[in-house]
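Data file: final_29.pdb. Format and content: PDB, N, CA and C atoms, pLDDT in the B column.
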```pdb
ATOM      1  N   MET A   1      -7.616   7.061  10.982  1.00 91.00           N
ATOM      2  CA  MET A   1      -7.765   6.146   9.890  1.00 91.00           C
ATOM      3  C   MET A   1      -8.678   6.798   8.842  1.00 91.00           C
ATOM      4  N   LEU A   2      -8.282   6.695   7.596  1.00 95.00           N
ATOM      5  CA  LEU A   2      -9.065   7.208   6.479  1.00 95.00           C
ATOM      6  C   LEU A   2      -9.690   6.045   5.722  1.00 95.00           C
ATOM      7  N   ALA A   3     -10.840   6.296   5.136  1.00 96.00           N
ATOM      8  CA  ALA A   3     -11.497   5.281   4.303  1.00 96.00           C
ATOM      9  C   ALA A   3     -12.480   5.963   3.370  1.00 96.00           C
ATOM     10  N   ASP A   4     -12.717   5.345   2.246  1.00 96.00           N
ATOM     11  CA  ASP A   4     -13.737   5.804   1.305  1.00 96.00           C
ATOM     12  C   ASP A   4     -13.560   7.270   0.898  1.00 96.00           C
ATOM     13  N   LEU A   5     -12.351   7.614   0.502  1.00 96.00           N
ATOM     14  CA  LEU A   5     -12.082   8.979   0.039  1.00 96.00           C
ATOM     15  C   LEU A   5     -12.762   9.248  -1.301  1.00 96.00           C
ATOM     16  N   HIS A   6     -12.812   8.273  -2.139  1.00 96.00           N
ATOM     17  CA  HIS A   6     -13.469   8.334  -3.446  1.00 96.00           C
ATOM     18  C   HIS A   6     -13.148   9.619  -4.208  1.00 96.00           C
ATOM     19  N   ALA A   7     -11.860   9.956  -4.258  1.00 97.00           N
ATOM     20  CA  ALA A   7     -11.346  11.056  -5.083  1.00 97.00           C
ATOM     21  C   ALA A   7     -11.895  12.422  -4.685  1.00 97.00           C
ATOM     22  N   ASN A   8     -12.218  12.603  -3.416  1.00 97.00           N
ATOM     23  CA  ASN A   8     -12.752  13.869  -2.919  1.00 97.00           C
ATOM     24  C   ASN A   8     -11.639  14.640  -2.208  1.00 97.00           C
ATOM     25  N   LEU A   9     -10.913  15.444  -2.969  1.00 98.00           N
ATOM     26  CA  LEU A   9      -9.774  16.183  -2.425  1.00 98.00           C
ATOM     27  C   LEU A   9     -10.168  17.184  -1.349  1.00 98.00           C
ATOM     28  N   PRO A  10     -11.208  17.987  -1.523  1.00 97.00           N
ATOM     29  CA  PRO A  10     -11.573  18.916  -0.444  1.00 97.00           C
ATOM     30  C   PRO A  10     -11.878  18.203   0.878  1.00 97.00           C
ATOM     31  N   ALA A  11     -12.547  17.064   0.805  1.00 97.00           N
ATOM     32  CA  ALA A  11     -12.837  16.313   2.029  1.00 97.00           C
ATOM     33  C   ALA A  11     -11.553  15.768   2.655  1.00 97.00           C
ATOM     34  N   LEU A  12     -10.647  15.255   1.824  1.00 97.00           N
ATOM     35  CA  LEU A  12      -9.366  14.763   2.348  1.00 97.00           C
ATOM     36  C   LEU A  12      -8.618  15.881   3.054  1.00 97.00           C
ATOM     37  N   ARG A  13      -8.542  17.033   2.431  1.00 97.00           N
ATOM     38  CA  ARG A  13      -7.843  18.166   3.059  1.00 97.00           C
ATOM     39  C   ARG A  13      -8.489  18.568   4.382  1.00 97.00           C
ATOM     40  N   ALA A  14      -9.800  18.547   4.448  1.00 97.00           N
ATOM     41  CA  ALA A  14     -10.493  18.895   5.687  1.00 97.00           C
ATOM     42  C   ALA A  14     -10.175  17.898   6.801  1.00 97.00           C
ATOM     43  N   VAL A  15     -10.183  16.616   6.467  1.00 96.00           N
ATOM     44  CA  VAL A  15      -9.886  15.588   7.465  1.00 96.00           C
ATOM     45  C   VAL A  15      -8.429  15.688   7.916  1.00 96.00           C
ATOM     46  N   LEU A  16      -7.518  15.934   6.974  1.00 96.00           N
ATOM     47  CA  LEU A  16      -6.107  16.065   7.343  1.00 96.00           C
ATOM     48  C   LEU A  16      -5.886  17.287   8.236  1.00 96.00           C
ATOM     49  N   ALA A  17      -6.568  18.387   7.957  1.00 96.00           N
ATOM     50  CA  ALA A  17      -6.457  19.582   8.800  1.00 96.00           C
ATOM     51  C   ALA A  17      -6.981  19.291  10.203  1.00 96.00           C
ATOM     52  N   ASP A  18      -8.090  18.572  10.280  1.00 96.00           N
ATOM     53  CA  ASP A  18      -8.642  18.211  11.583  1.00 96.00           C
ATOM     54  C   ASP A  18      -7.683  17.309  12.347  1.00 96.00           C
ATOM     55  N   ALA A  19      -7.099  16.339  11.654  1.00 95.00           N
ATOM     56  CA  ALA A  19      -6.137  15.435  12.297  1.00 95.00           C
ATOM     57  C   ALA A  19      -4.933  16.208  12.829  1.00 95.00           C
ATOM     58  N   ALA A  20      -4.465  17.174  12.062  1.00 93.00           N
ATOM     59  CA  ALA A  20      -3.330  17.989  12.500  1.00 93.00           C
ATOM     60  C   ALA A  20      -3.697  18.831  13.718  1.00 93.00           C
ATOM     61  N   SER A  21      -4.936  19.280  13.795  1.00 96.00           N
ATOM     62  CA  SER A  21      -5.355  20.143  14.903  1.00 96.00           C
ATOM     63  C   SER A  21      -5.426  19.399  16.233  1.00 96.00           C
ATOM     64  N   VAL A  22      -5.545  18.079  16.171  1.00 96.00           N
ATOM     65  CA  VAL A  22      -5.598  17.294  17.408  1.00 96.00           C
ATOM     66  C   VAL A  22      -4.303  16.501  17.618  1.00 96.00           C
ATOM     67  N   TRP A  23      -3.264  16.907  16.919  1.00 92.00           N
ATOM     68  CA  TRP A  23      -1.926  16.320  17.055  1.00 92.00           C
ATOM     69  C   TRP A  23      -1.908  14.826  16.749  1.00 92.00           C
ATOM     70  N   CYS A  24      -2.637  14.429  15.742  1.00 92.00           N
ATOM     71  CA  CYS A  24      -2.630  13.037  15.294  1.00 92.00           C
ATOM     72  C   CYS A  24      -1.223  12.695  14.805  1.00 92.00           C
ATOM     73  N   ASP A  25      -0.661  11.608  15.303  1.00 91.00           N
ATOM     74  CA  ASP A  25       0.723  11.285  14.935  1.00 91.00           C
ATOM     75  C   ASP A  25       0.848  10.175  13.896  1.00 91.00           C
ATOM     76  N   ALA A  26      -0.265   9.577  13.487  1.00 94.00           N
ATOM     77  CA  ALA A  26      -0.227   8.540  12.453  1.00 94.00           C
ATOM     78  C   ALA A  26      -1.557   8.513  11.709  1.00 94.00           C
ATOM     79  N   ILE A  27      -1.465   8.278  10.409  1.00 96.00           N
ATOM     80  CA  ILE A  27      -2.665   8.170   9.579  1.00 96.00           C
ATOM     81  C   ILE A  27      -2.504   6.963   8.669  1.00 96.00           C
ATOM     82  N   TRP A  28      -3.538   6.143   8.584  1.00 97.00           N
ATOM     83  CA  TRP A  28      -3.593   5.021   7.667  1.00 97.00           C
ATOM     84  C   TRP A  28      -4.839   5.176   6.811  1.00 97.00           C
ATOM     85  N   CYS A  29      -4.810   4.586   5.629  1.00 97.00           N
ATOM     86  CA  CYS A  29      -5.965   4.606   4.745  1.00 97.00           C
ATOM     87  C   CYS A  29      -6.342   3.173   4.414  1.00 97.00           C
ATOM     88  N   VAL A  30      -7.603   2.846   4.638  1.00 96.00           N
ATOM     89  CA  VAL A  30      -8.046   1.468   4.432  1.00 96.00           C
ATOM     90  C   VAL A  30      -8.794   1.276   3.113  1.00 96.00           C
ATOM     91  N   GLY A  31      -8.515   2.161   2.155  1.00 93.00           N
ATOM     92  CA  GLY A  31      -8.956   1.897   0.792  1.00 93.00           C
ATOM     93  C   GLY A  31     -10.051   2.778   0.247  1.00 93.00           C
ATOM     94  N   ASP A  32     -10.330   2.522  -1.013  1.00 96.00           N
ATOM     95  CA  ASP A  32     -11.273   3.288  -1.818  1.00 96.00           C
ATOM     96  C   ASP A  32     -10.837   4.747  -1.925  1.00 96.00           C
ATOM     97  N   VAL A  33      -9.613   4.907  -2.381  1.00 96.00           N
ATOM     98  CA  VAL A  33      -9.006   6.223  -2.593  1.00 96.00           C
ATOM     99  C   VAL A  33      -9.608   6.892  -3.831  1.00 96.00           C
ATOM    100  N   VAL A  34      -9.831   6.131  -4.886  1.00 94.00           N
ATOM    101  CA  VAL A  34     -10.334   6.675  -6.150  1.00 94.00           C
ATOM    102  C   VAL A  34     -11.787   6.259  -6.361  1.00 94.00           C
ATOM    103  N   GLY A  35     -12.355   6.725  -7.463  1.00 86.00           N
ATOM    104  CA  GLY A  35     -13.712   6.360  -7.813  1.00 86.00           C
ATOM    105  C   GLY A  35     -14.718   7.415  -7.389  1.00 86.00           C
ATOM    106  N   ARG A  36     -15.639   7.707  -8.261  1.00 87.00           N
ATOM    107  CA  ARG A  36     -16.759   8.619  -8.043  1.00 87.00           C
ATOM    108  C   ARG A  36     -16.387  10.095  -8.079  1.00 87.00           C
ATOM    109  N   GLY A  37     -15.431  10.548  -7.302  1.00 92.00           N
ATOM    110  CA  GLY A  37     -15.122  11.970  -7.184  1.00 92.00           C
ATOM    111  C   GLY A  37     -14.267  12.519  -8.304  1.00 92.00           C
ATOM    112  N   PRO A  38     -14.076  13.850  -8.308  1.00 95.00           N
ATOM    113  CA  PRO A  38     -13.415  14.522  -9.426  1.00 95.00           C
ATOM    114  C   PRO A  38     -11.890  14.636  -9.344  1.00 95.00           C
ATOM    115  N   HIS A  39     -11.267  14.184  -8.236  1.00 97.00           N
ATOM    116  CA  HIS A  39      -9.830  14.431  -8.058  1.00 97.00           C
ATOM    117  C   HIS A  39      -9.025  13.172  -7.728  1.00 97.00           C
ATOM    118  N   PRO A  40      -9.138  12.100  -8.507  1.00 95.00           N
ATOM    119  CA  PRO A  40      -8.410  10.884  -8.136  1.00 95.00           C
ATOM    120  C   PRO A  40      -6.899  11.062  -8.126  1.00 95.00           C
ATOM    121  N   ASN A  41      -6.344  11.712  -9.121  1.00 95.00           N
ATOM    122  CA  ASN A  41      -4.889  11.870  -9.181  1.00 95.00           C
ATOM    123  C   ASN A  41      -4.373  12.727  -8.030  1.00 95.00           C
ATOM    124  N   GLU A  42      -5.089  13.776  -7.717  1.00 97.00           N
ATOM    125  CA  GLU A  42      -4.667  14.676  -6.653  1.00 97.00           C
ATOM    126  C   GLU A  42      -4.732  14.003  -5.286  1.00 97.00           C
ATOM    127  N   VAL A  43      -5.761  13.186  -5.061  1.00 97.00           N
ATOM    128  CA  VAL A  43      -5.879  12.470  -3.792  1.00 97.00           C
ATOM    129  C   VAL A  43      -4.733  11.471  -3.645  1.00 97.00           C
ATOM    130  N   VAL A  44      -4.447  10.723  -4.699  1.00 96.00           N
ATOM    131  CA  VAL A  44      -3.337   9.760  -4.658  1.00 96.00           C
ATOM    132  C   VAL A  44      -2.022  10.498  -4.410  1.00 96.00           C
ATOM    133  N   THR A  45      -1.810  11.603  -5.102  1.00 97.00           N
ATOM    134  CA  THR A  45      -0.584  12.382  -4.939  1.00 97.00           C
ATOM    135  C   THR A  45      -0.431  12.869  -3.498  1.00 97.00           C
ATOM    136  N   GLU A  46      -1.515  13.356  -2.921  1.00 97.00           N
ATOM    137  CA  GLU A  46      -1.466  13.855  -1.540  1.00 97.00           C
ATOM    138  C   GLU A  46      -1.148  12.745  -0.547  1.00 97.00           C
ATOM    139  N   LEU A  47      -1.771  11.591  -0.718  1.00 97.00           N
ATOM    140  CA  LEU A  47      -1.475  10.466   0.177  1.00 97.00           C
ATOM    141  C   LEU A  47      -0.020  10.021   0.042  1.00 97.00           C
ATOM    142  N   ARG A  48       0.479   9.991  -1.186  1.00 97.00           N
ATOM    143  CA  ARG A  48       1.886   9.626  -1.404  1.00 97.00           C
ATOM    144  C   ARG A  48       2.818  10.655  -0.792  1.00 97.00           C
ATOM    145  N   ARG A  49       2.510  11.940  -0.983  1.00 97.00           N
ATOM    146  CA  ARG A  49       3.348  13.015  -0.442  1.00 97.00           C
ATOM    147  C   ARG A  49       3.469  12.900   1.076  1.00 97.00           C
ATOM    148  N   LEU A  50       2.383  12.525   1.707  1.00 95.00           N
ATOM    149  CA  LEU A  50       2.362  12.407   3.164  1.00 95.00           C
ATOM    150  C   LEU A  50       2.861  11.046   3.657  1.00 95.00           C
ATOM    151  N   GLY A  51       3.071  10.112   2.738  1.00 96.00           N
ATOM    152  CA  GLY A  51       3.538   8.775   3.125  1.00 96.00           C
ATOM    153  C   GLY A  51       2.493   7.964   3.870  1.00 96.00           C
ATOM    154  N   VAL A  52       1.219   8.180   3.542  1.00 96.00           N
ATOM    155  CA  VAL A  52       0.133   7.458   4.212  1.00 96.00           C
ATOM    156  C   VAL A  52       0.112   6.014   3.720  1.00 96.00           C
ATOM    157  N   GLN A  53       0.243   5.083   4.666  1.00 97.00           N
ATOM    158  CA  GLN A  53       0.137   3.661   4.333  1.00 97.00           C
ATOM    159  C   GLN A  53      -1.305   3.378   3.921  1.00 97.00           C
ATOM    160  N   THR A  54      -1.478   2.713   2.771  1.00 96.00           N
ATOM    161  CA  THR A  54      -2.812   2.544   2.209  1.00 96.00           C
ATOM    162  C   THR A  54      -3.042   1.107   1.764  1.00 96.00           C
ATOM    163  N   VAL A  55      -4.204   0.587   2.090  1.00 96.00           N
ATOM    164  CA  VAL A  55      -4.645  -0.723   1.654  1.00 96.00           C
ATOM    165  C   VAL A  55      -5.534  -0.525   0.425  1.00 96.00           C
ATOM    166  N   GLN A  56      -5.412  -1.393  -0.544  1.00 95.00           N
ATOM    167  CA  GLN A  56      -6.210  -1.289  -1.760  1.00 95.00           C
ATOM    168  C   GLN A  56      -7.664  -1.658  -1.470  1.00 95.00           C
ATOM    169  N   GLY A  57      -8.572  -0.739  -1.828  1.00 94.00           N
ATOM    170  CA  GLY A  57      -9.998  -1.005  -1.686  1.00 94.00           C
ATOM    171  C   GLY A  57     -10.573  -1.605  -2.955  1.00 94.00           C
ATOM    172  N   ASN A  58     -11.839  -1.978  -2.914  1.00 93.00           N
ATOM    173  CA  ASN A  58     -12.453  -2.599  -4.087  1.00 93.00           C
ATOM    174  C   ASN A  58     -12.555  -1.615  -5.253  1.00 93.00           C
ATOM    175  N   TRP A  59     -12.808  -0.336  -5.002  1.00 92.00           N
ATOM    176  CA  TRP A  59     -12.829   0.660  -6.077  1.00 92.00           C
ATOM    177  C   TRP A  59     -11.434   0.844  -6.652  1.00 92.00           C
ATOM    178  N   ASP A  60     -10.425   0.880  -5.802  1.00 93.00           N
ATOM    179  CA  ASP A  60      -9.044   1.043  -6.263  1.00 93.00           C
ATOM    180  C   ASP A  60      -8.649  -0.124  -7.161  1.00 93.00           C
ATOM    181  N   GLU A  61      -9.030  -1.317  -6.748  1.00 92.00           N
ATOM    182  CA  GLU A  61      -8.720  -2.508  -7.536  1.00 92.00           C
ATOM    183  C   GLU A  61      -9.447  -2.466  -8.878  1.00 92.00           C
ATOM    184  N   ALA A  62     -10.699  -2.089  -8.870  1.00 91.00           N
ATOM    185  CA  ALA A  62     -11.478  -2.045 -10.109  1.00 91.00           C
ATOM    186  C   ALA A  62     -10.911  -1.016 -11.084  1.00 91.00           C
ATOM    187  N   VAL A  63     -10.589   0.156 -10.589  1.00 88.00           N
ATOM    188  CA  VAL A  63     -10.024   1.198 -11.457  1.00 88.00           C
ATOM    189  C   VAL A  63      -8.650   0.777 -11.957  1.00 88.00           C
ATOM    190  N   GLY A  64      -7.815   0.258 -11.068  1.00 86.00           N
ATOM    191  CA  GLY A  64      -6.463  -0.144 -11.439  1.00 86.00           C
ATOM    192  C   GLY A  64      -6.420  -1.280 -12.441  1.00 86.00           C
ATOM    193  N   MET A  65      -7.401  -2.144 -12.378  1.00 86.00           N
ATOM    194  CA  MET A  65      -7.432  -3.310 -13.272  1.00 86.00           C
ATOM    195  C   MET A  65      -8.397  -3.092 -14.429  1.00 86.00           C
ATOM    196  N   ASP A  66      -8.902  -1.856 -14.571  1.00 82.00           N
ATOM    197  CA  ASP A  66      -9.814  -1.484 -15.651  1.00 82.00           C
ATOM    198  C   ASP A  66     -11.038  -2.394 -15.686  1.00 82.00           C
ATOM    199  N   ARG A  67     -11.598  -2.635 -14.478  1.00 83.00           N
ATOM    200  CA  ARG A  67     -12.809  -3.443 -14.357  1.00 83.00           C
ATOM    201  C   ARG A  67     -13.987  -2.525 -14.034  1.00 83.00           C
ATOM    202  N   GLU A  68     -15.170  -3.042 -14.179  1.00 75.00           N
ATOM    203  CA  GLU A  68     -16.361  -2.270 -13.850  1.00 75.00           C
ATOM    204  C   GLU A  68     -16.346  -1.951 -12.357  1.00 75.00           C
ATOM    205  N   GLN A  69     -16.625  -0.695 -12.039  1.00 67.00           N
ATOM    206  CA  GLN A  69     -16.650  -0.292 -10.643  1.00 67.00           C
ATOM    207  C   GLN A  69     -17.901  -0.836  -9.959  1.00 67.00           C
ATOM    208  N   PRO A  70     -17.756  -1.140  -8.677  1.00 61.00           N
ATOM    209  CA  PRO A  70     -18.885  -1.700  -7.911  1.00 61.00           C
ATOM    210  C   PRO A  70     -20.036  -0.716  -7.788  1.00 61.00           C
TER     211      PRO A  70
END
```
Serialized structure, structure tokens:
Amino acid sequence: MLADLHANLPALRAVLADAASVWCDAIWCVGDVVGRGPHPNEVVTELRRLGVQTVQGNWDEAVGMDREQP
């Protein structure tokens, strides 16, 4: 399970590599994909490419609705 990625692509790649090394067969994301970090578009693209089921976090909602981030 992934959470609080906050647009950190290097961290996402590291976690995905670790998951692959232990033969993880499913990955879910429980939100906060964007916000704070430098790679929001790339993180979203990577999750979509992999088909990771994702729940909208409070940061995702704030960014998507153009509201002040928490």
| d(atom CA of A:Ala14, atom CA of A:Val55) in Å | 20.9 Å
Extract, using only C-alpha atoms, all DNA, RNA and protein residues at most 12 Å from A:Arg36, discarding same-chain residues fewer than 5 positions from it, and format them as a PDB file with N, CA and C atoms, in the frame of the given file.
```pdb
ATOM      1  N   ASP A   4     -12.717   5.345   2.246  1.00 96.00           N
ATOM      2  CA  ASP A   4     -13.737   5.804   1.305  1.00 96.00           C
ATOM      3  C   ASP A   4     -13.560   7.270   0.898  1.00 96.00           C
ATOM      4  N   LEU A   5     -12.351   7.614   0.502  1.00 96.00           N
ATOM      5  CA  LEU A   5     -12.082   8.979   0.039  1.00 96.00           C
ATOM      6  C   LEU A   5     -12.762   9.248  -1.301  1.00 96.00           C
ATOM      7  N   HIS A   6     -12.812   8.273  -2.139  1.00 96.00           N
ATOM      8  CA  HIS A   6     -13.469   8.334  -3.446  1.00 96.00           C
ATOM      9  C   HIS A   6     -13.148   9.619  -4.208  1.00 96.00           C
ATOM     10  N   ALA A   7     -11.860   9.956  -4.258  1.00 97.00           N
ATOM     11  CA  ALA A   7     -11.346  11.056  -5.083  1.00 97.00           C
ATOM     12  C   ALA A   7     -11.895  12.422  -4.685  1.00 97.00           C
ATOM     13  N   ASN A   8     -12.218  12.603  -3.416  1.00 97.00           N
ATOM     14  CA  ASN A   8     -12.752  13.869  -2.919  1.00 97.00           C
ATOM     15  C   ASN A   8     -11.639  14.640  -2.208  1.00 97.00           C
ATOM     16  N   LEU A   9     -10.913  15.444  -2.969  1.00 98.00           N
ATOM     17  CA  LEU A   9      -9.774  16.183  -2.425  1.00 98.00           C
ATOM     18  C   LEU A   9     -10.168  17.184  -1.349  1.00 98.00           C
ATOM     19  N   TRP A  59     -12.808  -0.336  -5.002  1.00 92.00           N
ATOM     20  CA  TRP A  59     -12.829   0.660  -6.077  1.00 92.00           C
ATOM     21  C   TRP A  59     -11.434   0.844  -6.652  1.00 92.00           C
ATOM     22  N   ASP A  60     -10.425   0.880  -5.802  1.00 93.00           N
ATOM     23  CA  ASP A  60      -9.044   1.043  -6.263  1.00 93.00           C
ATOM     24  C   ASP A  60      -8.649  -0.124  -7.161  1.00 93.00           C
ATOM     25  N   VAL A  63     -10.589   0.156 -10.589  1.00 88.00           N
ATOM     26  CA  VAL A  63     -10.024   1.198 -11.457  1.00 88.00           C
ATOM     27  C   VAL A  63      -8.650   0.777 -11.957  1.00 88.00           C
ATOM     28  N   GLN A  69     -16.625  -0.695 -12.039  1.00 67.00           N
ATOM     29  CA  GLN A  69     -16.650  -0.292 -10.643  1.00 67.00           C
ATOM     30  C   GLN A  69     -17.901  -0.836  -9.959  1.00 67.00           C
ATOM     31  N   PRO A  70     -17.756  -1.140  -8.677  1.00 61.00           N
ATOM     32  CA  PRO A  70     -18.885  -1.700  -7.911  1.00 61.00           C
ATOM     33  C   PRO A  70     -20.036  -0.716  -7.788  1.00 61.00           C
TER      34      PRO A  70
END
```
| note | atom CA of A:Cys29 sits from atom CA of A:Gln56 at a separation of 8.8 Å
| Do you have the atom C of A:Ala19-atom C of A:Gln53 distance handy? | 16.0 Å
| task | Using all atoms listed in the file, pick whichever of A:Gly57, A:Arg67, A:Arg48, A:Met1 has the shortest atom-to-atom distance to A:Asp32. | result | A:Gly57
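In terms of minimum interatomic distance to A:Gly64, A:Val34 ranks closest within A:Val52, A:Val34, A:Ala3, A:Val43, counting only C-alpha atoms.
Residue nearest A:Trp28 within the list A:Leu50, A:Leu2, A:Val44, A:Val15: A:Leu2 [criterion: smallest interatomic distance, only N, CA and C atoms].
Remark: for A:Asn58, the closest of the candidate residues A:Val33, A:His39, A:Ala17, A:Pro10 is A:Val33 (distances computed over only N, CA and C atoms).
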| message | DSSP on the backbone, strand (DSSP E) only: what residues of chain A does that give? Format it as a ChimeraX atom specification. | response | /A:28-29,53-54
